[in-house]
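Trainee: Below you'll find the structure I mean.
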Amino acid sequence: MNAPAAKTRFAPSPTGRLHLGNVRTALFNALLARRLGGHFLLRIEDTDRERSAEAHVRALEEDLRWLGLDWQEGPGVEGAAGPYFQSQRTQRYETLYETLRDRGLAYPCFCTERELALSRKTQLAAGQPPRYPGTCAHLDSEAVQRRLDEGRTPTLRFRVEPGRVVTFDDAVKGTQRFRTDEIGDFIIRRADGSAAFFFSNAVDDAAMGVTHVLRGEDHLTNTPRQLLLLEALDLASPVYGHIAMIVGDDGAPLSKRHGSRSVAELRESGYLPLAINNYLARLGHYYADNSLMDLDTLAARFELAQLGSAPARYDEQQLRHWQREAVAASDASVLEAWMPAEYRERLGPEGARAFIAAVRANVGFPGELAEWSRRLLDDLPPLDDDARAVVEAAGVGFFEHAERALDEAGTDYGAFIAALKRDSAAKGKALFLPVRVALTGLTRGPELGAVMPLMSAARVRQRLATCRTLAENAAAAGGQ
Ligand code: GLU
């Protein structure tokens with residue numbers, strides 16, 4: 001099999017539900033892979049066994065699939081570069097640790113958490129960046145053995161060559177330079193034997209043939225460490241692009257406090273995948289075209305050069321905007337499924353379809369569809385002040401004419417309006433608005449031509465009578 005031209009990946013740690021920040025990372029990588037005609041790979045970074053849970057893995061796979069972000073390599077699909085769970089790659093890591101040790105580039109470190117914390121504190125107090133002080137960097141084999149014999153379990157540290165500058169071209173942020181003197185030797189294997197993030201993340205990208213890594217800016221300072229590791233192991237490094245974080249109104253990283261919700265929560269409240277994808281694709285990536293696009297179109301127009309480096313502000317209003325666009329473009333079956341069963345059954349399949357067609361432009365969420373169902377198919381809810389004013393202005397006579405027009409034309413809206421116009425002599429707003437209020441209880445809403453035939457003549461009659469009574473009462477109270 002030929003290797004794909006390009007490979008991107010999403011590499012979540014399965015420690016919780018997917019939220020908008022990490023889904024956007026997944027989306028950008030999936031779009032870039034499609035754009036480059038390559039593979040999108042899913043790798044589960046579960047080296048931290050205590051915090052990782054199988055249930056989270058299943059949930060994030062479900063979320064990605066629901067969004068249409070299918071992976072061409074990864075759990076359940078496999079591929080030549082597997083396994084795709086880091087917890088199953090320990091043996092591979094051991095071989096690479098051996099290589100680094102053989103090259104004198106890694107050493108066991110016996111420093112305790114307390115010792116390290118103390119050293120950090122001292123350095124910070126002296127105004128220096130906290131770095132590993134090098135306590136174990138030059139232990140001879142006897143000293144190492146003595147400590148092992150005492151039953152101490154070491155971490156493994158990577159030796160960072162001092163006095164160098166690590167340079168790389170970030171696909172989003174441009175040229176980056178980091179001095180190794182500010183990095184210091186870092187842990188690549190924890191004392192419990194598990195791989196540290198810097199290490200497993202970088203070597204797996206190389207082993208899996210990942211060519212492009214788009215990830216959050218919070219990983220920017222990890223990159224020089226990872227490049228040093230890859231260089232020490234003669235492994236290829238990917239193109240890195242660090243995307244600006246999503247922030248809330250106050251400029252702080254997006255969190256629940258800003259109303260951000262997990263993908264699962266959004267799905268439960270009725271958001272459609274297309275809405276989420278269109279919103280997130282534009283959060284930190286510029287598209288000249290503001291119309292709703294499917295994933296293929298979003299991918300075809302995805303450009304690394306259009307990734308912004310300014311923080312992307314989360315805006316619930318925008319998300320809702322894309323939801324309305326997505327609902328308007330979606331198949332009627334999506335909305336039919338939102339309709340409470342009681343009304344679907346009452347209308348029958350054809351009636352339900354006609355109902356959806358009538359109200360869909362006014363619906364963004366399942367709750368709104370339920371509300372329109374109740375409003376149009378059950379008793380007229382109480383009128384608000386605006387609607388009441390319309391009824392009072394129309395007056396008793398208007399509704400008497402309307403009741404007679406109904407006798408004559410039935411629920412054929414065109415014929416009904418023609419008869420009412422002829423008899424009442426009302427026109428324009430004065431004709432249509434009171435009819436709208438009588439039928440729907442509101443001053444705005446779906447096309448009446450589509451709504452009226454969905455209602456029985458008896459229900460329309462009852463609503464017209466209710467409005468007539470209201471107008472009568474108002475007239476009486478006005479002393480006329
Ligand atoms: N497991 C890391 C995370 O979830 C992956 C970071 C990366 O994309 O390199 O933050």
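Chain labels follow the order of the structure tokens: the first chain is A, the next B, and so on; residue numbering restarts at 1 in every chain, and ligands are counted from 1 in their shown order.
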Determine which residues of segment 249-430 of chain A receive a DSSP assignment of strand (DSSP E or B), computed from the backbone, and state them as a list in words.
Mentor: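 Checking each residue of segment 249-430 of chain A, the strand (DSSP E or B) ones are Pro253, Ser262, His285, Leu307, Ala312 and Arg313 of chain A.
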Trainee: Restricting the output to all heavy atoms, write the selected residues as a PDB file, in the first residue's frame.
Mentor:
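The result, stored in selection-v9.pdb:
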```pdb
ATOM      1  N   PRO A 253      -9.275  31.506  28.783  1.00  0.00           N
ATOM      2  CA  PRO A 253      -9.548  30.287  28.020  1.00  0.00           C
ATOM      3  C   PRO A 253     -10.977  29.793  28.230  1.00  0.00           C
ATOM      4  O   PRO A 253     -11.494  29.833  29.349  1.00  0.00           O
ATOM      5  CB  PRO A 253      -8.536  29.283  28.579  1.00  0.00           C
ATOM      6  CG  PRO A 253      -7.424  30.128  29.117  1.00  0.00           C
ATOM      7  CD  PRO A 253      -8.065  31.403  29.588  1.00  0.00           C
ATOM      8  N   SER A 262     -19.991  20.481  26.265  1.00  0.00           N
ATOM      9  CA  SER A 262     -19.348  19.351  25.593  1.00  0.00           C
ATOM     10  C   SER A 262     -20.137  19.040  24.324  1.00  0.00           C
ATOM     11  O   SER A 262     -21.296  19.441  24.170  1.00  0.00           O
ATOM     12  CB  SER A 262     -19.327  18.137  26.511  1.00  0.00           C
ATOM     13  OG  SER A 262     -20.642  17.665  26.696  1.00  0.00           O
ATOM     14  N   HIS A 285     -10.050  30.201  11.867  1.00  0.00           N
ATOM     15  CA  HIS A 285      -9.715  30.034  10.447  1.00  0.00           C
ATOM     16  C   HIS A 285     -10.645  30.937   9.658  1.00  0.00           C
ATOM     17  O   HIS A 285     -11.855  30.938   9.883  1.00  0.00           O
ATOM     18  CB  HIS A 285      -9.889  28.585   9.999  1.00  0.00           C
ATOM     19  CG  HIS A 285      -9.539  28.369   8.551  1.00  0.00           C
ATOM     20  ND1 HIS A 285     -10.381  28.730   7.524  1.00  0.00           N
ATOM     21  CD2 HIS A 285      -8.436  27.854   7.962  1.00  0.00           C
ATOM     22  CE1 HIS A 285      -9.795  28.449   6.373  1.00  0.00           C
ATOM     23  NE2 HIS A 285      -8.621  27.916   6.603  1.00  0.00           N
ATOM     24  N   LEU A 307      -5.187  30.411   8.976  1.00  0.00           N
ATOM     25  CA  LEU A 307      -5.315  30.180  10.419  1.00  0.00           C
ATOM     26  C   LEU A 307      -4.809  31.426  11.137  1.00  0.00           C
ATOM     27  O   LEU A 307      -3.697  31.890  10.870  1.00  0.00           O
ATOM     28  CB  LEU A 307      -4.499  28.958  10.838  1.00  0.00           C
ATOM     29  CG  LEU A 307      -5.082  27.611  10.394  1.00  0.00           C
ATOM     30  CD1 LEU A 307      -4.059  26.501  10.576  1.00  0.00           C
ATOM     31  CD2 LEU A 307      -6.342  27.288  11.181  1.00  0.00           C
ATOM     32  N   ALA A 312      -9.325  33.228  19.429  1.00  0.00           N
ATOM     33  CA  ALA A 312     -10.649  33.153  18.808  1.00  0.00           C
ATOM     34  C   ALA A 312     -11.700  33.234  19.904  1.00  0.00           C
ATOM     35  O   ALA A 312     -11.669  32.456  20.858  1.00  0.00           O
ATOM     36  CB  ALA A 312     -10.761  31.848  18.046  1.00  0.00           C
ATOM     37  N   ARG A 313     -12.614  34.180  19.758  1.00  0.00           N
ATOM     38  CA  ARG A 313     -13.607  34.395  20.808  1.00  0.00           C
ATOM     39  C   ARG A 313     -14.858  33.541  20.579  1.00  0.00           C
ATOM     40  O   ARG A 313     -15.443  33.563  19.500  1.00  0.00           O
ATOM     41  CB  ARG A 313     -13.994  35.869  20.827  1.00  0.00           C
ATOM     42  CG  ARG A 313     -14.465  36.355  22.164  1.00  0.00           C
ATOM     43  CD  ARG A 313     -14.563  37.870  22.154  1.00  0.00           C
ATOM     44  NE  ARG A 313     -13.255  38.491  22.345  1.00  0.00           N
ATOM     45  CZ  ARG A 313     -12.760  38.797  23.542  1.00  0.00           C
ATOM     46  NH1 ARG A 313     -13.456  38.556  24.631  1.00  0.00           N
ATOM     47  NH2 ARG A 313     -11.574  39.341  23.655  1.00  0.00           N
TER      48      ARG A 313
END
```
Trainee: Give me the residues within 9 Å of segment 367-380 of chain A as a PDB file with N, CA, C and O atoms, in the first residue's frame, counting only C-alpha atoms and dropping any in the same chain fewer than 2 places off.
Mentor:
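Now in part-v4.pdb:
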```pdb
ATOM      1  N   SER A 269     -28.905  18.877  23.146  1.00  0.00           N
ATOM      2  CA  SER A 269     -29.837  20.004  23.041  1.00  0.00           C
ATOM      3  C   SER A 269     -30.242  20.264  21.592  1.00  0.00           C
ATOM      4  O   SER A 269     -30.896  21.266  21.316  1.00  0.00           O
ATOM      5  N   GLY A 270     -29.871  19.376  20.697  1.00  0.00           N
ATOM      6  CA  GLY A 270     -30.417  19.438  19.341  1.00  0.00           C
ATOM      7  C   GLY A 270     -29.502  20.048  18.301  1.00  0.00           C
ATOM      8  O   GLY A 270     -29.878  20.163  17.137  1.00  0.00           O
ATOM      9  N   LEU A 335     -36.115  17.021  11.289  1.00  0.00           N
ATOM     10  CA  LEU A 335     -37.120  17.766  12.060  1.00  0.00           C
ATOM     11  C   LEU A 335     -38.282  16.881  12.471  1.00  0.00           C
ATOM     12  O   LEU A 335     -38.863  17.068  13.543  1.00  0.00           O
ATOM     13  N   TRP A 338     -37.665  15.353  15.611  1.00  0.00           N
ATOM     14  CA  TRP A 338     -37.761  16.286  16.749  1.00  0.00           C
ATOM     15  C   TRP A 338     -39.207  16.477  17.208  1.00  0.00           C
ATOM     16  O   TRP A 338     -39.462  16.950  18.298  1.00  0.00           O
ATOM     17  N   MET A 339     -40.161  16.143  16.348  1.00  0.00           N
ATOM     18  CA  MET A 339     -41.554  16.441  16.658  1.00  0.00           C
ATOM     19  C   MET A 339     -42.050  15.499  17.753  1.00  0.00           C
ATOM     20  O   MET A 339     -41.868  14.286  17.647  1.00  0.00           O
ATOM     21  N   PRO A 340     -42.675  16.013  18.795  1.00  0.00           N
ATOM     22  CA  PRO A 340     -43.169  15.114  19.835  1.00  0.00           C
ATOM     23  C   PRO A 340     -44.107  14.067  19.220  1.00  0.00           C
ATOM     24  O   PRO A 340     -44.950  14.401  18.379  1.00  0.00           O
ATOM     25  N   TYR A 343     -47.932  14.518  18.535  1.00  0.00           N
ATOM     26  CA  TYR A 343     -48.410  15.337  17.417  1.00  0.00           C
ATOM     27  C   TYR A 343     -48.165  14.637  16.082  1.00  0.00           C
ATOM     28  O   TYR A 343     -48.961  14.747  15.152  1.00  0.00           O
ATOM     29  N   PHE A 355     -46.579  19.845   8.140  1.00  0.00           N
ATOM     30  CA  PHE A 355     -46.367  20.682   9.312  1.00  0.00           C
ATOM     31  C   PHE A 355     -44.911  21.158   9.378  1.00  0.00           C
ATOM     32  O   PHE A 355     -44.633  22.342   9.592  1.00  0.00           O
ATOM     33  N   ILE A 356     -43.997  20.206   9.158  1.00  0.00           N
ATOM     34  CA  ILE A 356     -42.560  20.543   9.170  1.00  0.00           C
ATOM     35  C   ILE A 356     -42.272  21.591   8.088  1.00  0.00           C
ATOM     36  O   ILE A 356     -41.583  22.582   8.333  1.00  0.00           O
ATOM     37  N   VAL A 359     -43.384  25.044   9.306  1.00  0.00           N
ATOM     38  CA  VAL A 359     -42.743  25.755  10.428  1.00  0.00           C
ATOM     39  C   VAL A 359     -41.212  25.745  10.391  1.00  0.00           C
ATOM     40  O   VAL A 359     -40.572  26.429  11.179  1.00  0.00           O
ATOM     41  N   ARG A 360     -40.599  25.000   9.479  1.00  0.00           N
ATOM     42  CA  ARG A 360     -39.151  24.783   9.604  1.00  0.00           C
ATOM     43  C   ARG A 360     -38.326  26.065   9.595  1.00  0.00           C
ATOM     44  O   ARG A 360     -37.319  26.152  10.265  1.00  0.00           O
ATOM     45  N   ASN A 362     -38.914  28.614  11.041  1.00  0.00           N
ATOM     46  CA  ASN A 362     -39.030  29.259  12.352  1.00  0.00           C
ATOM     47  C   ASN A 362     -38.475  28.384  13.469  1.00  0.00           C
ATOM     48  O   ASN A 362     -38.692  28.661  14.639  1.00  0.00           O
ATOM     49  N   VAL A 363     -37.785  27.309  13.066  1.00  0.00           N
ATOM     50  CA  VAL A 363     -37.328  26.356  14.075  1.00  0.00           C
ATOM     51  C   VAL A 363     -35.811  26.198  14.039  1.00  0.00           C
ATOM     52  O   VAL A 363     -35.242  26.022  12.968  1.00  0.00           O
ATOM     53  N   GLY A 364     -35.183  26.297  15.201  1.00  0.00           N
ATOM     54  CA  GLY A 364     -33.741  26.052  15.276  1.00  0.00           C
ATOM     55  C   GLY A 364     -33.402  24.882  16.184  1.00  0.00           C
ATOM     56  O   GLY A 364     -32.339  24.292  16.080  1.00  0.00           O
ATOM     57  N   PHE A 365     -34.346  24.545  17.070  1.00  0.00           N
ATOM     58  CA  PHE A 365     -34.059  23.513  18.072  1.00  0.00           C
ATOM     59  C   PHE A 365     -35.302  22.657  18.302  1.00  0.00           C
ATOM     60  O   PHE A 365     -36.424  23.104  18.045  1.00  0.00           O
ATOM     61  N   PRO A 382     -52.412  31.995  25.837  1.00  0.00           N
ATOM     62  CA  PRO A 382     -52.780  33.395  26.108  1.00  0.00           C
ATOM     63  C   PRO A 382     -51.971  34.352  25.238  1.00  0.00           C
ATOM     64  O   PRO A 382     -50.809  34.093  24.934  1.00  0.00           O
ATOM     65  N   LEU A 383     -52.584  35.442  24.830  1.00  0.00           N
ATOM     66  CA  LEU A 383     -51.904  36.396  23.949  1.00  0.00           C
ATOM     67  C   LEU A 383     -51.027  37.348  24.749  1.00  0.00           C
ATOM     68  O   LEU A 383     -51.386  37.747  25.853  1.00  0.00           O
ATOM     69  N   ALA A 438     -54.940  35.531  15.333  1.00  0.00           N
ATOM     70  CA  ALA A 438     -56.025  34.591  15.647  1.00  0.00           C
ATOM     71  C   ALA A 438     -55.571  33.145  15.427  1.00  0.00           C
ATOM     72  O   ALA A 438     -55.865  32.257  16.223  1.00  0.00           O
ATOM     73  N   LEU A 439     -54.815  32.915  14.365  1.00  0.00           N
ATOM     74  CA  LEU A 439     -54.424  31.532  14.061  1.00  0.00           C
ATOM     75  C   LEU A 439     -53.277  31.049  14.943  1.00  0.00           C
ATOM     76  O   LEU A 439     -53.232  29.888  15.320  1.00  0.00           O
ATOM     77  N   THR A 440     -52.317  31.936  15.237  1.00  0.00           N
ATOM     78  CA  THR A 440     -51.098  31.466  15.917  1.00  0.00           C
ATOM     79  C   THR A 440     -50.891  32.071  17.300  1.00  0.00           C
ATOM     80  O   THR A 440     -50.044  31.606  18.051  1.00  0.00           O
ATOM     81  N   GLY A 441     -51.604  33.137  17.602  1.00  0.00           N
ATOM     82  CA  GLY A 441     -51.410  33.791  18.897  1.00  0.00           C
ATOM     83  C   GLY A 441     -50.227  34.740  18.895  1.00  0.00           C
ATOM     84  O   GLY A 441     -49.909  35.351  19.901  1.00  0.00           O
ATOM     85  N   VAL A 451     -49.807  27.164   7.211  1.00  0.00           N
ATOM     86  CA  VAL A 451     -50.269  26.802   8.557  1.00  0.00           C
ATOM     87  C   VAL A 451     -51.767  26.479   8.587  1.00  0.00           C
ATOM     88  O   VAL A 451     -52.205  25.488   9.174  1.00  0.00           O
ATOM     89  N   LEU A 454     -53.302  23.097   7.997  1.00  0.00           N
ATOM     90  CA  LEU A 454     -52.938  22.056   8.971  1.00  0.00           C
ATOM     91  C   LEU A 454     -53.912  22.008  10.133  1.00  0.00           C
ATOM     92  O   LEU A 454     -53.926  21.079  10.925  1.00  0.00           O
ATOM     93  N   MET A 455     -54.720  23.068  10.248  1.00  0.00           N
ATOM     94  CA  MET A 455     -55.623  23.145  11.394  1.00  0.00           C
ATOM     95  C   MET A 455     -57.025  22.752  10.948  1.00  0.00           C
ATOM     96  O   MET A 455     -57.417  23.009   9.816  1.00  0.00           O
ATOM     97  N   SER A 456     -57.768  22.168  11.867  1.00  0.00           N
ATOM     98  CA  SER A 456     -59.140  21.807  11.503  1.00  0.00           C
ATOM     99  C   SER A 456     -59.979  23.097  11.486  1.00  0.00           C
ATOM    100  O   SER A 456     -59.657  24.077  12.170  1.00  0.00           O
ATOM    101  N   ARG A 459     -61.005  24.139  14.882  1.00  0.00           N
ATOM    102  CA  ARG A 459     -60.007  24.829  15.704  1.00  0.00           C
ATOM    103  C   ARG A 459     -59.874  26.294  15.269  1.00  0.00           C
ATOM    104  O   ARG A 459     -59.782  27.193  16.099  1.00  0.00           O
ATOM    105  N   GLN A 462     -62.811  28.227  16.574  1.00  0.00           N
ATOM    106  CA  GLN A 462     -62.681  28.467  18.007  1.00  0.00           C
ATOM    107  C   GLN A 462     -61.725  29.651  18.253  1.00  0.00           C
ATOM    108  O   GLN A 462     -61.973  30.506  19.099  1.00  0.00           O
ATOM    109  N   ARG A 463     -60.650  29.710  17.487  1.00  0.00           N
ATOM    110  CA  ARG A 463     -59.665  30.779  17.694  1.00  0.00           C
ATOM    111  C   ARG A 463     -60.228  32.142  17.254  1.00  0.00           C
ATOM    112  O   ARG A 463     -59.988  33.157  17.907  1.00  0.00           O
ATOM    113  N   THR A 466     -62.548  33.220  19.967  1.00  0.00           N
ATOM    114  CA  THR A 466     -61.802  33.718  21.132  1.00  0.00           C
ATOM    115  C   THR A 466     -61.393  35.165  20.896  1.00  0.00           C
ATOM    116  O   THR A 466     -61.517  36.026  21.782  1.00  0.00           O
TER     117      THR A 466
END
```
Trainee: List as a ChimeraX atom specification the protein and nucleic acid residues lying within 7 Å of ligand 1, with only C-alpha atoms and all ligand atoms counted.
Mentor: /A:10-13,45,201,213-215,219
Trainee: Could you please take those selected residues and save C-alpha atoms as a compact mmCIF listing (two decimals), in the first residue's frame?
Mentor:
```txt
# COMPACT_ATOMS: atom_id res chain seq x y z
CA PHE A 10 -5.98 13.99 16.58
CA ALA A 11 -4.37 12.73 19.75
CA PRO A 12 -6.72 13.16 22.70
CA SER A 13 -6.06 11.99 26.22
CA GLU A 45 -2.95 9.11 24.41
CA ASN A 201 3.56 12.18 21.59
CA VAL A 213 0.31 18.60 13.59
CA LEU A 214 -2.21 21.33 14.27
CA ARG A 215 -2.71 21.77 17.98
CA HIS A 219 1.67 23.18 23.31
```
Trainee: Mind checking which residues fall within 12 Å of Thr175 of chain A, counting only C-alpha atoms, ignoring those fewer than 3 positions away in the same chain, and posting them as a ChimeraX atom specification?
Mentor: /A:166-172,178,220,239-242
Trainee: Could those residues be written to a file, using C-alpha atoms, as an mmCIF file, in the first residue's frame?
Mentor:
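Saved file selection.cif follows:
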```
data_model
loop_
_atom_site.group_PDB
_atom_site.id
_atom_site.type_symbol
_atom_site.label_atom_id
_atom_site.label_comp_id
_atom_site.auth_asym_id
_atom_site.auth_seq_id
_atom_site.Cartn_x
_atom_site.Cartn_y
_atom_site.Cartn_z
ATOM 1 C CA VAL A 166 16.068 25.331 18.497
ATOM 2 C CA THR A 167 14.423 26.947 15.507
ATOM 3 C CA PHE A 168 11.333 25.871 13.608
ATOM 4 C CA ASP A 169 8.790 27.343 11.246
ATOM 5 C CA ASP A 170 5.391 27.180 12.821
ATOM 6 C CA ALA A 171 2.669 26.921 10.193
ATOM 7 C CA VAL A 172 0.558 29.475 12.062
ATOM 8 C CA PHE A 178 13.954 28.644 21.820
ATOM 9 C CA LEU A 220 3.981 25.683 21.640
ATOM 10 C CA VAL A 239 5.166 20.473 10.417
ATOM 11 C CA TYR A 240 3.735 21.990 13.597
ATOM 12 C CA GLY A 241 1.042 24.660 13.586
ATOM 13 C CA HIS A 242 -0.108 26.091 16.899
#
```
Trainee: Given only C-alpha atoms, how would the per-residue table for segment 36-114 of chain A near segment 298-305 of chain A read, listing every residue at most 12 Å away with its closest atom pair and distance in Å to one decimal, sorted by chain and number, as CSV?
Mentor:
```
residue,atom,partner,partner_atom,distance
A:Leu36,CA,A:Ala300,CA,8.8
A:Gly37,CA,A:Ala300,CA,9.9
A:Gly38,CA,A:Ala299,CA,11.6
A:Leu69,CA,A:Ala299,CA,11.4
```
Trainee: For Ala476 of chain A, which residue out of A:Ala232, A:Gly395, A:Asp204, A:Glu182 is the nearest one, using only C-alpha atoms?
Mentor: A:Gly395
Trainee: Separation of atom CA of Ala450 of chain A and atom CA of Ala326 of chain A, in Å?
Mentor: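 Computing the Euclidean distance for atom CA of Ala450 of chain A and atom CA of Ala326 of chain A yields 21.6 Å.
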Trainee: Could you check how far atom CA of Asp181 of chain A sits from atom CA of Asp102 of chain A, in Å to one decimal?
Mentor: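 We find that atom CA of Asp181 of chain A and atom CA of Asp102 of chain A lie 23.4 Å from each other.
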Trainee: Taking only C-alpha atoms into account, which of A:Val263, A:Ala352, A:Ala196, A:Leu442 comes nearest Ala389 of chain A?
Mentor: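 Among A:Val263, A:Ala352, A:Ala196, A:Leu442, it is A:Leu442 that comes nearest to Ala389 of chain A.
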Trainee: Could you name the residues that touch segment 396-413 of chain A at 10 Å or less, counting only C-alpha atoms, but leaving out those on the same chain fewer than 5 positions away, as a PDB file with C-alpha atoms, in the first residue's frame?
Mentor:
```
ATOM      1  CA  VAL A 391     -56.996  42.028  18.098  1.00  0.00           C
ATOM      2  CA  ALA A 418     -60.113  36.731  -0.452  1.00  0.00           C
ATOM      3  CA  ALA A 419     -63.543  36.443   1.171  1.00  0.00           C
ATOM      4  CA  LEU A 420     -62.432  38.287   4.285  1.00  0.00           C
ATOM      5  CA  LYS A 421     -60.847  41.080   2.287  1.00  0.00           C
ATOM      6  CA  ARG A 422     -63.982  41.489   0.208  1.00  0.00           C
ATOM      7  CA  ASP A 423     -66.312  41.645   3.224  1.00  0.00           C
ATOM      8  CA  SER A 424     -64.217  43.531   5.756  1.00  0.00           C
ATOM      9  CA  ALA A 425     -62.569  45.900   3.271  1.00  0.00           C
ATOM     10  CA  ALA A 426     -59.397  45.564   5.354  1.00  0.00           C
ATOM     11  CA  ALA A 430     -54.793  45.367   8.950  1.00  0.00           C
ATOM     12  CA  LEU A 431     -55.977  42.279   7.076  1.00  0.00           C
ATOM     13  CA  PRO A 434     -55.218  39.961  13.043  1.00  0.00           C
ATOM     14  CA  VAL A 435     -55.581  36.714  11.077  1.00  0.00           C
ATOM     15  CA  ALA A 438     -56.025  34.591  15.647  1.00  0.00           C
ATOM     16  CA  LEU A 448     -50.141  31.359   7.141  1.00  0.00           C
ATOM     17  CA  GLY A 449     -50.847  29.757   3.773  1.00  0.00           C
ATOM     18  CA  ALA A 450     -48.996  26.696   4.974  1.00  0.00           C
ATOM     19  CA  VAL A 451     -50.269  26.802   8.557  1.00  0.00           C
ATOM     20  CA  MET A 452     -54.013  27.192   8.076  1.00  0.00           C
ATOM     21  CA  PRO A 453     -54.641  23.974   6.147  1.00  0.00           C
ATOM     22  CA  LEU A 454     -52.938  22.056   8.971  1.00  0.00           C
ATOM     23  CA  MET A 455     -55.623  23.145  11.394  1.00  0.00           C
ATOM     24  CA  SER A 456     -59.140  21.807  11.503  1.00  0.00           C
ATOM     25  CA  ALA A 457     -61.940  24.250  10.625  1.00  0.00           C
ATOM     26  CA  ALA A 458     -63.296  23.719  14.146  1.00  0.00           C
ATOM     27  CA  VAL A 460     -59.809  27.904  13.460  1.00  0.00           C
ATOM     28  CA  ARG A 461     -63.403  28.772  14.319  1.00  0.00           C
ATOM     29  CA  GLN A 462     -62.681  28.467  18.007  1.00  0.00           C
ATOM     30  CA  ARG A 463     -59.665  30.779  17.694  1.00  0.00           C
ATOM     31  CA  LEU A 464     -61.567  33.381  15.711  1.00  0.00           C
ATOM     32  CA  ALA A 465     -64.326  33.267  18.317  1.00  0.00           C
ATOM     33  CA  THR A 466     -61.802  33.718  21.132  1.00  0.00           C
ATOM     34  CA  CYS A 467     -60.439  36.811  19.396  1.00  0.00           C
ATOM     35  CA  ARG A 468     -63.930  38.151  18.771  1.00  0.00           C
ATOM     36  CA  THR A 469     -64.718  37.804  22.466  1.00  0.00           C
ATOM     37  CA  LEU A 470     -61.496  39.584  23.371  1.00  0.00           C
ATOM     38  CA  ALA A 471     -62.390  42.437  21.034  1.00  0.00           C
ATOM     39  CA  GLU A 472     -65.899  42.592  22.502  1.00  0.00           C
ATOM     40  CA  ASN A 473     -64.561  42.724  26.047  1.00  0.00           C
ATOM     41  CA  ALA A 474     -62.115  45.436  25.127  1.00  0.00           C
ATOM     42  CA  ALA A 475     -64.864  47.451  23.470  1.00  0.00           C
TER      43      ALA A 475
END
```
Trainee: Excluding Gln88 of chain A and its own-chain neighbours fewer than 6 positions away, which residues fall within 10 Å of it when counting only C-alpha atoms? Please give them as number ranges by chain.
Mentor: A: 46-47, 82
